[in-house]
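Taking it in order: structure first as structure tokens, then the write-up.
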Amino acid sequence: MIDINLLRENPELVKENIRRKFQDHKLPLVDEVAELDKKRRAAQSEIDSLRASRNALAKSIGALMREKKIEEAEQAKLQSKSVNERIAVLESEISVVEEQIKKDMMAIPNIIADDVPLGKDDSFNVQGETFLPAEEKPFEIPYHLDILESLGGIDLDAARRTSGNGFYYLIGDVARLHSAVLTYARDFMIDKGFTYCIPPFMIRSEVVSGVMSFEEMDNMMYKIEGEDLYLIGTSEHSMIGRFMGEILPESSLPQTLTSYSPCFRKEKGSHGIEERGIYRIHQFEKQEMIVICKPEESDEWYEKLWRYTVELFTSMQIPVRQLICCSGDLADLKYKSCDVEAWSPRQKKYFEVGSCSNLTDAQARRLGIRYKNTKTGKNEFAHTLNNTVAAPPRMLIAFLENHLQADGSVDIPEVLRKYMGGKDKILPVRK
RNA sequence: GCAGAGAUGGCGGAGUGGUCGAUCGCGCACGACUCGAAAUCGUGUUACGUAGGAAUACGUACGGGGGUUCAAAUCCCUUUCUCUGCGCCA
């Protein structure tokens, strides 16, 4: 959500931003909000002065009662009652206007960074740097599910029976590898100075509606029956929710946190659940990083964050690239965003394993996350960023494909061995 | 889960229908005193909205939501959380 003051003072800038995101259908919202805002302010000042006169009347009634001037007090009561009636009418009018303003403001996208490439959809996303050579293998790489099965590491049939499509049993060394990656990712971020945090895996609707739109909520979130609770779709939800309505001391910034959680997603719409495998599923686990910082520091943090993910993947000898999200593909709350994509030697292309975003103050404004600026003495909205460290089992697809050997075994890179009990290989099982 | 008590400014803690945005203490900021500091004294110190260059003025908010009343921190309903006791449980 952008600052309504920006819209008042510079509506053209807001409109230009909408055009850059190829959302021309939202252009009328800007003038609509400006109009409604004027109306709201006029009504508000009328209400304020009515309330002032009512307050004065109420005070005088108190005085009259003490002086036992009952007649005059009764007169004033009647007068006050009629003022109240007028206030009630105006209040119901203003609440309609305010609701519409809020709805419109939610739909108006955050101002995007100057260096975001322009384009109307994901086909205009731009490749950034690549890391480690993306090489083809001298033998054919099977589909990831076949690799998992050859290692005796997965049972999807049973998962479909117990839970349905989009769930999995990971077994043996593969399950251990899954945990090893998460633990390594956790320690990696702790070494970068981040604070480890395990958040609640369920959150209230109040928090959910703060961190996402109704549409997203409907497409992603699982609700607990009979409770005001939702399963989190990512730990970002509960991690950012932690700071809702807070005024942080400036000295506590930046907050650099790395969190672990399982993630639950309906995956309604989008591409849906894939028939074969663990690419898009209802449940996965994720090591995440979030940063809450002062506005002037968010650009710098953004660059650091996505590079941490790159460093993590390259330390596991997985080739990756940065894919810069273009204006039209950027979610409304985002100032800029990029994906870290891992190389798939089977498909001979990169696929998404992480996503890094700088939301500037848009998310903080919605949730009321502020800090006390010691220079100005004012409370200002902080900037929020989030990024994936590692999210298995999806990232295991890249892992397995890149480390598969001609004999069917999978090499464990040096950095993970201590989390695998010293193993340097996962061997295929004999049928 | 049941019963009782509670939720007030950065913190502690008064206030139980009307001059209460809220006594007081701590903390913090500024000033005086001092070579400097401590102590002391003085002044200031909630947030948000609207108007204003500013001082300021008006409005709103005493966990959240709703109600009673001319008037609510104060009364009623509801909800969340905390504490105490009982029950249950990894």
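As shown in the structure tokens, the chain order sets the letters A, B, ...; within each chain, residues go from 1, and ligands are also counted from 1 in the order they appear.
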Compute the set of chain A residues within 9 Å of chain B, using only C-alpha atoms (C1' of nucleotides), and express it as a list of chain:residue names. A:Arg41, A:Gln44, A:Ser45, A:Ile47, A:Asp48, A:Ser49, A:Arg51, A:Ala52, A:Arg54, A:Asn55, A:Leu57, A:Ala58, A:Lys59, A:Ser60, A:Ile61, A:Gly62, A:Ala63, A:Ala73, A:Glu74, A:Ala76, A:Lys77, A:Leu78, A:Gln79, A:Ser80, A:Lys81
Report as JSON, numbers by chain: the residues of region 163-292 of chain A with a DSSP assignment of strand (DSSP E or B), based on the backbone of this structure. {"A": [169, 170, 195, 196, 197, 202, 203, 222, 223, 230, 231, 247, 248, 249, 255, 256, 257, 258, 259, 260, 261, 262, 263, 264, 283, 284, 285, 286, 287, 288, 289, 290, 291, 292]}
Residues from the last selection, N, CA and C atoms, saved as an mmCIF file, in the first residue's frame:
```cif
data_model
loop_
_atom_site.group_PDB
_atom_site.id
_atom_site.type_symbol
_atom_site.label_atom_id
_atom_site.label_comp_id
_atom_site.auth_asym_id
_atom_site.auth_seq_id
_atom_site.Cartn_x
_atom_site.Cartn_y
_atom_site.Cartn_z
ATOM 1 N N TYR A 169 5.842 -39.021 0.983
ATOM 2 C CA TYR A 169 6.678 -39.596 2.038
ATOM 3 C C TYR A 169 8.100 -39.553 1.510
ATOM 4 N N LEU A 170 9.018 -38.940 2.261
ATOM 5 C CA LEU A 170 10.434 -39.049 1.930
ATOM 6 C C LEU A 170 11.017 -40.091 2.872
ATOM 7 N N THR A 195 19.598 -14.168 12.998
ATOM 8 C CA THR A 195 19.098 -14.799 14.211
ATOM 9 C C THR A 195 18.068 -15.863 13.839
ATOM 10 N N TYR A 196 18.294 -17.051 14.345
ATOM 11 C CA TYR A 196 17.403 -18.172 14.016
ATOM 12 C C TYR A 196 16.112 -18.063 14.799
ATOM 13 N N CYS A 197 15.007 -18.370 14.128
ATOM 14 C CA CYS A 197 13.699 -18.229 14.764
ATOM 15 C C CYS A 197 12.754 -19.316 14.259
ATOM 16 N N MET A 202 0.676 -21.641 12.600
ATOM 17 C CA MET A 202 -0.697 -21.217 12.313
ATOM 18 C C MET A 202 -0.836 -19.769 12.740
ATOM 19 N N ILE A 203 -1.637 -19.026 11.988
ATOM 20 C CA ILE A 203 -1.848 -17.619 12.324
ATOM 21 C C ILE A 203 -3.330 -17.254 12.188
ATOM 22 N N TYR A 222 -4.807 -22.708 3.894
ATOM 23 C CA TYR A 222 -5.676 -23.724 4.484
ATOM 24 C C TYR A 222 -6.209 -23.203 5.805
ATOM 25 N N LYS A 223 -7.525 -23.309 5.984
ATOM 26 C CA LYS A 223 -8.143 -22.838 7.226
ATOM 27 C C LYS A 223 -8.418 -24.017 8.150
ATOM 28 N N TYR A 230 -5.205 -20.246 10.424
ATOM 29 C CA TYR A 230 -4.805 -20.704 9.093
ATOM 30 C C TYR A 230 -3.406 -21.310 9.178
ATOM 31 N N LEU A 231 -3.147 -22.333 8.380
ATOM 32 C CA LEU A 231 -1.790 -22.867 8.266
ATOM 33 C C LEU A 231 -0.972 -21.884 7.437
ATOM 34 N N ILE A 247 6.241 -0.237 17.222
ATOM 35 C CA ILE A 247 7.169 0.858 16.943
ATOM 36 C C ILE A 247 8.522 0.413 17.475
ATOM 37 N N LEU A 248 9.422 0.085 16.552
ATOM 38 C CA LEU A 248 10.710 -0.474 16.955
ATOM 39 C C LEU A 248 11.698 0.644 17.260
ATOM 40 N N PRO A 249 12.519 0.462 18.275
ATOM 41 C CA PRO A 249 13.580 1.447 18.480
ATOM 42 C C PRO A 249 14.567 1.380 17.310
ATOM 43 N N GLN A 255 16.641 -5.728 11.754
ATOM 44 C CA GLN A 255 16.310 -7.044 12.275
ATOM 45 C C GLN A 255 16.634 -8.027 11.158
ATOM 46 N N THR A 256 17.577 -8.908 11.387
ATOM 47 C CA THR A 256 17.925 -9.899 10.364
ATOM 48 C C THR A 256 17.633 -11.268 10.938
ATOM 49 N N LEU A 257 16.613 -11.917 10.383
ATOM 50 C CA LEU A 257 16.123 -13.155 10.962
ATOM 51 C C LEU A 257 16.093 -14.264 9.924
ATOM 52 N N THR A 258 16.391 -15.460 10.365
ATOM 53 C CA THR A 258 16.227 -16.624 9.489
ATOM 54 C C THR A 258 15.317 -17.594 10.204
ATOM 55 N N SER A 259 14.281 -18.026 9.494
ATOM 56 C CA SER A 259 13.263 -18.832 10.158
ATOM 57 C C SER A 259 13.053 -20.139 9.416
ATOM 58 N N TYR A 260 12.667 -21.143 10.181
ATOM 59 C CA TYR A 260 12.304 -22.424 9.596
ATOM 60 C C TYR A 260 10.813 -22.644 9.775
ATOM 61 N N SER A 261 10.166 -23.204 8.783
ATOM 62 C CA SER A 261 8.792 -23.678 8.992
ATOM 63 C C SER A 261 8.384 -24.613 7.868
ATOM 64 N N PRO A 262 7.444 -25.494 8.170
ATOM 65 C CA PRO A 262 6.748 -26.146 7.068
ATOM 66 C C PRO A 262 5.833 -25.114 6.414
ATOM 67 N N CYS A 263 5.528 -25.307 5.145
ATOM 68 C CA CYS A 263 4.679 -24.378 4.411
ATOM 69 C C CYS A 263 3.537 -25.156 3.784
ATOM 70 N N PHE A 264 2.343 -24.615 3.874
ATOM 71 C CA PHE A 264 1.169 -25.305 3.352
ATOM 72 C C PHE A 264 0.486 -24.421 2.324
ATOM 73 N N GLN A 283 2.603 -29.267 0.564
ATOM 74 C CA GLN A 283 3.374 -29.136 1.800
ATOM 75 C C GLN A 283 4.861 -29.220 1.472
ATOM 76 N N PHE A 284 5.605 -28.248 1.977
ATOM 77 C CA PHE A 284 7.061 -28.333 1.850
ATOM 78 C C PHE A 284 7.677 -27.642 3.048
ATOM 79 N N GLU A 285 8.991 -27.605 3.107
ATOM 80 C CA GLU A 285 9.650 -26.967 4.237
ATOM 81 C C GLU A 285 10.617 -25.914 3.736
ATOM 82 N N LYS A 286 10.806 -24.907 4.544
ATOM 83 C CA LYS A 286 11.591 -23.796 4.012
ATOM 84 C C LYS A 286 12.388 -23.116 5.105
ATOM 85 N N GLN A 287 13.627 -22.835 4.781
ATOM 86 C CA GLN A 287 14.435 -21.923 5.575
ATOM 87 C C GLN A 287 14.327 -20.579 4.874
ATOM 88 N N GLU A 288 13.923 -19.572 5.630
ATOM 89 C CA GLU A 288 13.612 -18.265 5.046
ATOM 90 C C GLU A 288 14.486 -17.206 5.702
ATOM 91 N N MET A 289 14.675 -16.076 5.009
ATOM 92 C CA MET A 289 15.305 -14.944 5.697
ATOM 93 C C MET A 289 14.423 -13.718 5.541
ATOM 94 N N ILE A 290 14.302 -12.954 6.610
ATOM 95 C CA ILE A 290 13.591 -11.681 6.497
ATOM 96 C C ILE A 290 14.437 -10.583 7.130
ATOM 97 N N VAL A 291 14.266 -9.390 6.569
ATOM 98 C CA VAL A 291 14.985 -8.241 7.105
ATOM 99 C C VAL A 291 13.998 -7.095 7.284
ATOM 100 N N ILE A 292 14.060 -6.457 8.442
ATOM 101 C CA ILE A 292 13.314 -5.219 8.662
ATOM 102 C C ILE A 292 14.366 -4.150 8.912
#
```
Residue nearest Glu136 (chain A) - candidates A:His282, A:Lys423, A:Lys348, A:Arg19, atoms counted: only C-alpha atoms: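 Closest to Glu136 (chain A) of all the choices is A:Lys348.
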Would you kindly return, as a list in words, each protein, DNA or RNA residue with an atom no farther than 9 Å from any atom of Leu13 (chain A), considering only C-alpha atoms (C1' of nucleotides) and excluding same-chain residues fewer than 6 positions away?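 Surrounding residues, per the criterion: Leu6, Leu7 and Ile111 of chain A.
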How would the residues just picked look written out with C-alpha atoms as a short mmCIF file (atom, residue, chain, number, x, y, z; two decimals), in the first residue's frame?
```
data_model
loop_
_atom_site.label_atom_id
_atom_site.label_comp_id
_atom_site.auth_asym_id
_atom_site.auth_seq_id
_atom_site.Cartn_x
_atom_site.Cartn_y
_atom_site.Cartn_z
CA LEU A 6 2.07 10.63 -2.47
CA LEU A 7 -1.14 10.13 -4.40
CA ILE A 111 6.04 2.24 -6.67
#
```
If you count only C-alpha atoms (C1' of nucleotides), which residues fall within 10 Å of Phe167 (chain A), apart from same-chain ones fewer than 2 positions away, as an MDAnalysis selection string? chainID A and resid 155:165 169:170 273 277:278 280:284
Using only C-alpha atoms, please write the residues we just selected to a file, as a PDB file, in the first residue's frame.
```pdb
ATOM      1  CA  ASP A 155       6.478 -43.113  -1.649  1.00  0.00           C
ATOM      2  CA  LEU A 156       3.874 -41.066  -3.443  1.00  0.00           C
ATOM      3  CA  ASP A 157       1.327 -43.871  -3.759  1.00  0.00           C
ATOM      4  CA  ALA A 158       0.934 -44.138  -0.005  1.00  0.00           C
ATOM      5  CA  ALA A 159       0.854 -40.332   0.338  1.00  0.00           C
ATOM      6  CA  ARG A 160      -2.003 -40.174  -2.156  1.00  0.00           C
ATOM      7  CA  ARG A 161      -3.915 -42.702  -0.082  1.00  0.00           C
ATOM      8  CA  THR A 162      -3.351 -40.964   3.235  1.00  0.00           C
ATOM      9  CA  SER A 163      -3.448 -37.335   2.147  1.00  0.00           C
ATOM     10  CA  GLY A 164      -4.161 -37.038  -1.566  1.00  0.00           C
ATOM     11  CA  ASN A 165      -2.217 -35.683  -4.491  1.00  0.00           C
ATOM     12  CA  TYR A 169       6.678 -39.596   2.038  1.00  0.00           C
ATOM     13  CA  LEU A 170      10.434 -39.049   1.930  1.00  0.00           C
ATOM     14  CA  ILE A 273      -0.345 -29.605  -8.672  1.00  0.00           C
ATOM     15  CA  GLY A 277       6.831 -35.427  -8.595  1.00  0.00           C
ATOM     16  CA  ILE A 278       7.603 -32.893  -5.956  1.00  0.00           C
ATOM     17  CA  ARG A 280       4.605 -28.078  -6.858  1.00  0.00           C
ATOM     18  CA  ILE A 281       3.045 -29.599  -3.763  1.00  0.00           C
ATOM     19  CA  HIS A 282       0.720 -28.798  -0.874  1.00  0.00           C
ATOM     20  CA  GLN A 283       3.374 -29.136   1.800  1.00  0.00           C
ATOM     21  CA  PHE A 284       7.061 -28.333   1.850  1.00  0.00           C
TER      22      PHE A 284
END
```
